[in-house]
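Visitor: One file is attached below, coords_33.cif, containing mmCIF, C-alpha atoms.
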data_structure
loop_
_atom_site.group_PDB
_atom_site.id
_atom_site.type_symbol
_atom_site.label_atom_id
_atom_site.label_comp_id
_atom_site.auth_asym_id
_atom_site.auth_seq_id
_atom_site.Cartn_x
_atom_site.Cartn_y
_atom_site.Cartn_z
ATOM 1 C CA MET A 1 18.586 -4.047 14.203
ATOM 2 C CA ALA A 2 19.799 -5.105 10.762
ATOM 3 C CA ASP A 3 17.424 -6.722 8.321
ATOM 4 C CA ALA A 4 18.869 -9.971 6.945
ATOM 5 C CA ARG A 5 17.210 -9.368 3.558
ATOM 6 C CA TYR A 6 19.501 -6.396 2.948
ATOM 7 C CA GLU A 7 23.267 -6.538 2.639
ATOM 8 C CA ASP A 8 25.603 -3.973 4.208
ATOM 9 C CA GLY A 9 25.420 -0.727 2.278
ATOM 10 C CA ASP A 10 22.033 -1.508 0.731
ATOM 11 C CA GLU A 11 19.148 0.810 1.432
ATOM 12 C CA GLY A 12 16.960 -0.831 4.081
ATOM 13 C CA PRO A 13 13.277 -1.612 3.751
ATOM 14 C CA LEU A 14 10.743 1.178 3.979
ATOM 15 C CA ARG A 15 8.736 1.165 7.212
ATOM 16 C CA LEU A 16 6.132 3.875 7.752
ATOM 17 C CA LEU A 17 3.554 4.394 10.474
ATOM 18 C CA ALA A 18 0.695 6.818 9.890
ATOM 19 C CA GLN A 19 -1.211 7.807 13.007
ATOM 20 C CA GLY A 20 -3.662 10.358 11.744
ATOM 21 C CA ALA A 21 -4.883 12.242 8.710
ATOM 22 C CA GLU A 22 -1.774 14.453 8.553
ATOM 23 C CA ASP A 23 0.409 11.371 7.821
ATOM 24 C CA LEU A 24 -1.926 9.844 5.245
ATOM 25 C CA PRO A 25 -0.766 11.817 2.139
ATOM 26 C CA VAL A 26 2.731 10.303 2.406
ATOM 27 C CA VAL A 27 1.448 6.729 2.531
ATOM 28 C CA SER A 28 -1.109 7.465 -0.200
ATOM 29 C CA ALA A 29 1.627 8.807 -2.491
ATOM 30 C CA LEU A 30 3.790 5.733 -1.910
ATOM 31 C CA VAL A 31 1.016 3.238 -2.708
ATOM 32 C CA GLN A 32 -0.199 5.118 -5.796
ATOM 33 C CA ASP A 33 -0.052 2.696 -8.741
ATOM 34 C CA ALA A 34 0.450 -0.300 -6.443
ATOM 35 C CA VAL A 35 -1.124 -3.456 -7.799
ATOM 36 C CA LEU A 36 -2.433 -6.466 -5.937
ATOM 37 C CA PRO A 37 -4.450 -9.544 -6.670
ATOM 38 C CA ALA A 38 -7.848 -9.183 -5.005
ATOM 39 C CA VAL A 39 -7.116 -12.409 -3.099
ATOM 40 C CA GLU A 40 -4.158 -10.640 -1.373
ATOM 41 C CA MET A 41 -6.520 -8.579 0.842
ATOM 42 C CA ARG A 42 -7.624 -9.908 4.219
ATOM 43 C CA TYR A 43 -9.826 -8.634 7.023
ATOM 44 C CA ASP A 44 -9.481 -10.257 10.437
ATOM 45 C CA ALA A 45 -12.601 -9.145 12.337
ATOM 46 C CA ARG A 46 -11.387 -10.669 15.595
ATOM 47 C CA ARG A 47 -8.139 -8.678 15.517
ATOM 48 C CA ARG A 48 -9.861 -5.748 13.785
ATOM 49 C CA ARG A 49 -7.078 -5.631 11.217
ATOM 50 C CA PHE A 50 -7.102 -5.251 7.436
ATOM 51 C CA VAL A 51 -3.991 -6.212 5.439
ATOM 52 C CA ALA A 52 -3.146 -6.012 1.756
ATOM 53 C CA LEU A 53 0.031 -7.350 0.165
ATOM 54 C CA VAL A 54 0.790 -4.886 -2.612
ATOM 55 C CA ASN A 55 3.355 -4.664 -5.371
ATOM 56 C CA ARG A 56 4.243 -0.978 -5.254
ATOM 57 C CA PHE A 57 6.358 1.256 -7.439
ATOM 58 C CA ARG A 58 9.264 2.741 -5.471
ATOM 59 C CA TRP A 59 8.305 6.412 -5.823
ATOM 60 C CA GLU A 60 10.911 7.347 -3.203
ATOM 61 C CA ASP A 61 13.685 6.152 -5.588
ATOM 62 C CA ARG A 62 12.252 7.487 -8.865
ATOM 63 C CA GLU A 63 14.328 10.672 -9.146
ATOM 64 C CA ALA A 64 17.610 8.992 -8.189
ATOM 65 C CA ALA A 65 16.993 6.123 -10.634
ATOM 66 C CA ALA A 66 16.231 8.583 -13.465
ATOM 67 C CA ARG A 67 19.269 10.716 -12.639
ATOM 68 C CA GLU A 68 21.584 7.681 -12.462
ATOM 69 C CA GLY A 69 20.101 5.958 -15.519
ATOM 70 C CA ARG A 70 19.050 2.924 -13.476
ATOM 71 C CA PRO A 71 15.905 0.933 -14.202
ATOM 72 C CA PHE A 72 12.927 1.818 -12.042
ATOM 73 C CA GLU A 73 12.032 -0.561 -9.227
ATOM 74 C CA ARG A 74 9.053 -2.137 -7.520
ATOM 75 C CA VAL A 75 8.858 -3.813 -4.113
ATOM 76 C CA ARG A 76 6.322 -5.990 -2.290
ATOM 77 C CA SER A 77 4.890 -4.177 0.732
ATOM 78 C CA LEU A 78 2.346 -4.942 3.414
ATOM 79 C CA LEU A 79 -0.299 -2.295 4.046
ATOM 80 C CA THR A 80 -1.845 -2.841 7.492
ATOM 81 C CA VAL A 81 -4.783 -0.886 8.903
ATOM 82 C CA GLU A 82 -5.645 -1.268 12.602
ATOM 83 C CA ASP A 83 -8.896 -0.706 14.553
ATOM 84 C CA VAL A 84 -11.089 -1.676 11.575
ATOM 85 C CA THR A 85 -14.714 -2.278 12.525
ATOM 86 C CA ALA A 86 -16.150 -3.009 9.056
ATOM 87 C CA VAL A 87 -15.039 -3.459 5.447
ATOM 88 C CA ARG A 88 -17.140 -2.797 2.362
ATOM 89 C CA THR A 89 -16.092 -3.271 -1.241
ATOM 90 C CA GLN A 90 -17.483 -1.715 -4.392
ATOM 91 C CA GLY A 91 -16.862 -2.866 -7.952
ATOM 92 C CA ILE A 92 -14.732 -5.862 -6.915
ATOM 93 C CA ASP A 93 -15.555 -9.491 -7.620
ATOM 94 C CA ARG A 94 -13.495 -11.195 -4.881
ATOM 95 C CA ARG A 95 -14.443 -14.611 -6.345
ATOM 96 C CA ASP A 96 -12.359 -13.820 -9.446
ATOM 97 C CA ALA A 97 -9.031 -15.433 -8.514
ATOM 98 C CA ASP A 98 -7.313 -13.628 -11.408
ATOM 99 C CA LEU A 99 -8.576 -10.128 -10.572
ATOM 100 C CA VAL A 100 -5.736 -7.629 -10.142
ATOM 101 C CA LEU A 101 -6.472 -4.253 -8.566
ATOM 102 C CA SER A 102 -4.588 -0.984 -8.936
ATOM 103 C CA ILE A 103 -4.577 1.587 -6.125
ATOM 104 C CA LEU A 104 -5.121 5.198 -7.146
ATOM 105 C CA SER A 105 -5.154 6.780 -3.674
ATOM 106 C CA LEU A 106 -6.099 6.486 -0.021
ATOM 107 C CA ASP A 107 -8.901 8.844 0.999
ATOM 108 C CA TRP A 108 -9.944 9.774 4.528
ATOM 109 C CA LEU A 109 -13.434 10.860 5.603
ATOM 110 C CA PRO A 110 -13.460 11.709 9.322
ATOM 111 C CA GLY A 111 -16.505 11.040 11.464
ATOM 112 C CA GLU A 112 -17.805 13.350 14.146
ATOM 113 C CA ASP A 113 -16.513 11.247 17.036
ATOM 114 C CA GLY A 114 -12.911 10.553 15.969
ATOM 115 C CA THR A 115 -13.872 7.527 13.908
ATOM 116 C CA GLY A 116 -13.887 7.620 10.128
ATOM 117 C CA ARG A 117 -13.687 5.882 6.793
ATOM 118 C CA LEU A 118 -10.432 5.097 5.016
ATOM 119 C CA THR A 119 -11.061 4.241 1.368
ATOM 120 C CA LEU A 120 -8.648 2.524 -0.981
ATOM 121 C CA VAL A 121 -9.686 4.111 -4.271
ATOM 122 C CA LEU A 122 -9.043 1.683 -7.119
ATOM 123 C CA ALA A 123 -8.793 2.011 -10.884
ATOM 124 C CA GLY A 124 -11.970 1.061 -12.721
ATOM 125 C CA ASP A 125 -14.331 2.600 -10.165
ATOM 126 C CA GLY A 126 -13.529 0.027 -7.483
ATOM 127 C CA ALA A 127 -13.102 0.830 -3.806
ATOM 128 C CA VAL A 128 -12.451 -0.778 -0.446
ATOM 129 C CA ALA A 129 -13.969 1.251 2.411
ATOM 130 C CA LEU A 130 -12.651 0.576 5.911
ATOM 131 C CA GLU A 131 -14.620 1.879 8.876
ATOM 132 C CA VAL A 132 -12.052 2.588 11.606
ATOM 133 C CA GLU A 133 -12.129 3.748 15.217
ATOM 134 C CA THR A 134 -8.801 5.551 14.787
ATOM 135 C CA LEU A 135 -6.666 6.164 11.721
ATOM 136 C CA GLU A 136 -3.586 4.016 12.154
ATOM 137 C CA LEU A 137 -1.864 2.268 9.289
ATOM 138 C CA ARG A 138 1.556 0.892 8.457
ATOM 139 C CA LEU A 139 3.401 0.348 5.206
ATOM 140 C CA ASP A 140 6.260 -2.150 5.452
ATOM 141 C CA ASP A 141 8.436 -3.386 2.596
ATOM 142 C CA VAL A 142 8.690 -7.176 2.819
ATOM 143 C CA THR A 143 11.016 -7.958 -0.106
ATOM 144 C CA LYS A 144 14.081 -6.418 -1.636
ATOM 145 C CA PRO A 145 13.356 -4.038 -4.524
ATOM 146 C CA TYR A 146 13.456 -5.530 -8.006
ATOM 147 C CA ILE A 147 13.505 -4.056 -11.490
ATOM 148 C CA ALA A 148 10.021 -3.078 -12.623
ATOM 149 C CA PRO A 149 8.963 -5.421 -15.433
ATOM 150 C CA SER A 150 8.176 -2.453 -17.681
ATOM 151 C CA ARG A 151 11.467 -0.778 -16.673
ATOM 152 C CA HIS A 152 9.478 2.484 -16.715
ATOM 153 C CA ALA A 153 7.858 4.697 -14.094
ATOM 154 C CA PRO A 154 4.062 4.900 -14.130
ATOM 155 C CA ASP A 155 2.942 7.779 -16.337
ATOM 156 C CA HIS A 156 0.205 10.133 -15.245
ATOM 157 C CA GLY A 157 0.335 12.272 -18.344
ATOM 158 C CA GLY A 158 2.267 15.055 -16.611
#
So that I can check it, write out the structure of this file as structure tokens.

Guide:
Amino acid sequence: MADARYEDGDEGPLRLLAQGAEDLPVVSALVQDAVLPAVEMRYDARRRRFVALVNRFRWEDREAAAREGRPFERVRSLLTVEDVTAVRTQGIDRRDADLVLSILSLDWLPGEDGTGRLTLVLAGDGAVALEVETLELRLDDVTKPYIAPSRHAPDHGG
């Protein structure tokens, strides 16, 4: 099914499903350096779903953009985690409407019974810990890519 946001010949939106710890490194790499206002995170306890609308760097296009001399791109993506039983935050003042968070990685700590804790590790010693019954998350692009305001790729000193 074609996505109306993308014209013929355009690369389509990224859609990933991670269903276990072995898939997590791919999603973690793609959300590294994503930024989001703290108010763009939601936990629906009734549906047991956590969502975060992130502004992520398009790591999957970095090499091609550098090779072709194109500006680097960002895209808005929805990170959805299912089967969430509890959410705890550390180092985040959710009342600060202007607070912008930066994701460093997604870390997984399995429990003994198949449950576990998925942690969004944030810059500045912040974290969002999600207690889950099973590790299932999705990453879906929800806008077309756009030129990164800095026009540069994030630099990790490497």

Visitor: Calculate, to one decimal in Å, the centre and edge lengths of the box along x, y and z of the file that holds all listed atoms of region 64-77 of chain A with 3 Å of margin on each side, and present them as lines of an AutoDock Vina configuration file.

Guide:
center_x = 13.2
center_y = 2.4
center_z = -7.4
size_x = 22.7
size_y = 22.7
size_z = 22.3

Visitor: For region 18-24 of chain A, please output as a VMD selection string all residues within 6 Å (counting only C-alpha atoms; exclusion window: fewer than 5 positions along the same chain).

Guide: chain A and resid 135 to 137

Visitor: Please evaluate the PyMOL selection byres ((chain A and resi 133) around 8) against the displayed coordinates and give the resulting residues as a list in words.

Guide: Asp83, Val84, Thr85, Gly114, Thr115, Gly116, Glu131, Val132, Thr134 and Leu135 of chain A

Visitor: Please provide the set of residues having any atom within 6 Å of Arg74 (chain A), restricted to all atoms listed in the file, with same-chain residues fewer than 2 positions apart removed, written as an MDAnalysis selection string.

Guide: chainID A and resid 56:58 145:146 148

Visitor: Since I can't run it myself right now, could you work out what the PyMOL selection byres ((chain A and resi 98-106) around 8) selects here and report it as a PDB file with C-alpha atoms, in the frame of the given file?

Guide:
ATOM      1  CA  LEU A  24      -1.926   9.844   5.245  1.00  0.00           C
ATOM      2  CA  PRO A  25      -0.766  11.817   2.139  1.00  0.00           C
ATOM      3  CA  VAL A  27       1.448   6.729   2.531  1.00  0.00           C
ATOM      4  CA  SER A  28      -1.109   7.465  -0.200  1.00  0.00           C
ATOM      5  CA  ALA A  29       1.627   8.807  -2.491  1.00  0.00           C
ATOM      6  CA  VAL A  31       1.016   3.238  -2.708  1.00  0.00           C
ATOM      7  CA  GLN A  32      -0.199   5.118  -5.796  1.00  0.00           C
ATOM      8  CA  ASP A  33      -0.052   2.696  -8.741  1.00  0.00           C
ATOM      9  CA  ALA A  34       0.450  -0.300  -6.443  1.00  0.00           C
ATOM     10  CA  VAL A  35      -1.124  -3.456  -7.799  1.00  0.00           C
ATOM     11  CA  LEU A  36      -2.433  -6.466  -5.937  1.00  0.00           C
ATOM     12  CA  PRO A  37      -4.450  -9.544  -6.670  1.00  0.00           C
ATOM     13  CA  ALA A  38      -7.848  -9.183  -5.005  1.00  0.00           C
ATOM     14  CA  VAL A  39      -7.116 -12.409  -3.099  1.00  0.00           C
ATOM     15  CA  ASP A  93     -15.555  -9.491  -7.620  1.00  0.00           C
ATOM     16  CA  ARG A  94     -13.495 -11.195  -4.881  1.00  0.00           C
ATOM     17  CA  ASP A  96     -12.359 -13.820  -9.446  1.00  0.00           C
ATOM     18  CA  ALA A  97      -9.031 -15.433  -8.514  1.00  0.00           C
ATOM     19  CA  ASP A 107      -8.901   8.844   0.999  1.00  0.00           C
ATOM     20  CA  TRP A 108      -9.944   9.774   4.528  1.00  0.00           C
ATOM     21  CA  LEU A 118     -10.432   5.097   5.016  1.00  0.00           C
ATOM     22  CA  THR A 119     -11.061   4.241   1.368  1.00  0.00           C
ATOM     23  CA  LEU A 120      -8.648   2.524  -0.981  1.00  0.00           C
ATOM     24  CA  VAL A 121      -9.686   4.111  -4.271  1.00  0.00           C
ATOM     25  CA  LEU A 122      -9.043   1.683  -7.119  1.00  0.00           C
ATOM     26  CA  ALA A 123      -8.793   2.011 -10.884  1.00  0.00           C
TER      27      ALA A 123
END

Visitor: Calculated over all atoms listed in the file, which of the candidates A:Asp141, A:Arg88, A:Ala127, A:Pro13 has the smallest distance to Tyr43 (chain A)?

Guide: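 With all atoms listed in the file as the atom set, the closest residue is A:Arg88.
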
Visitor: Please return as an NGL selection string every residue within 6 Å of (-7.1, -3.5, 17.0), taking into account only C-alpha atoms and the file's own coordinates.

Guide: :A and (47-48 or 82-83)

Visitor: Please evaluate the PyMOL selection byres ((chain A and resi 72) around 6) against the structure above and give the resulting residues as a count of residues only.

Guide: 6

Visitor: If you measure from CA of Gly111 (chain A) to CA of Leu78 (chain A), what distance in Å do you get, rounded to one decimal?

Guide: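 Spanning CA of Gly111 (chain A) to CA of Leu78 (chain A) is a straight-line distance of 26.0 Å.
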
Visitor: By how many Å are CA of Asp155 (chain A) and CA of Asn55 (chain A) apart?

Guide: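 CA of Asn55 (chain A) lies at a distance of 16.6 Å from CA of Asp155 (chain A).
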
Visitor: Report as a list in words all protein, DNA and RNA residues lying within 7 Å of Val87 (chain A), evaluated on only C-alpha atoms, omitting residues in the same chain fewer than 2 positions from it.

Guide: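 My reading of the contact set: Thr89, Val128, Ala129, Leu130 and Glu131 of chain A.
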
Visitor: Find the distance between CA of Asp61 (chain A) and CA of Lys144 (chain A) and write it in Å to one decimal.

Guide: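 Taking CA of Asp61 (chain A) and CA of Lys144 (chain A), their separation equals 13.2 Å.
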
Visitor: Looking at A:Arg15, A:Arg138, A:Arg46, A:Arg67, which one is nearest to Leu79 (chain A), with distances taken over only C-alpha atoms?

Guide: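 The closest residue to Leu79 (chain A) is A:Arg138.
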
Visitor: Between A:Glu63, A:Asp125, A:Glu112, A:Asp140, which one has atoms that come closest to Thr80 (chain A), using all atoms listed in the file?

Guide: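 Counting all atoms listed in the file, the residue closest to Thr80 (chain A) is A:Asp140.
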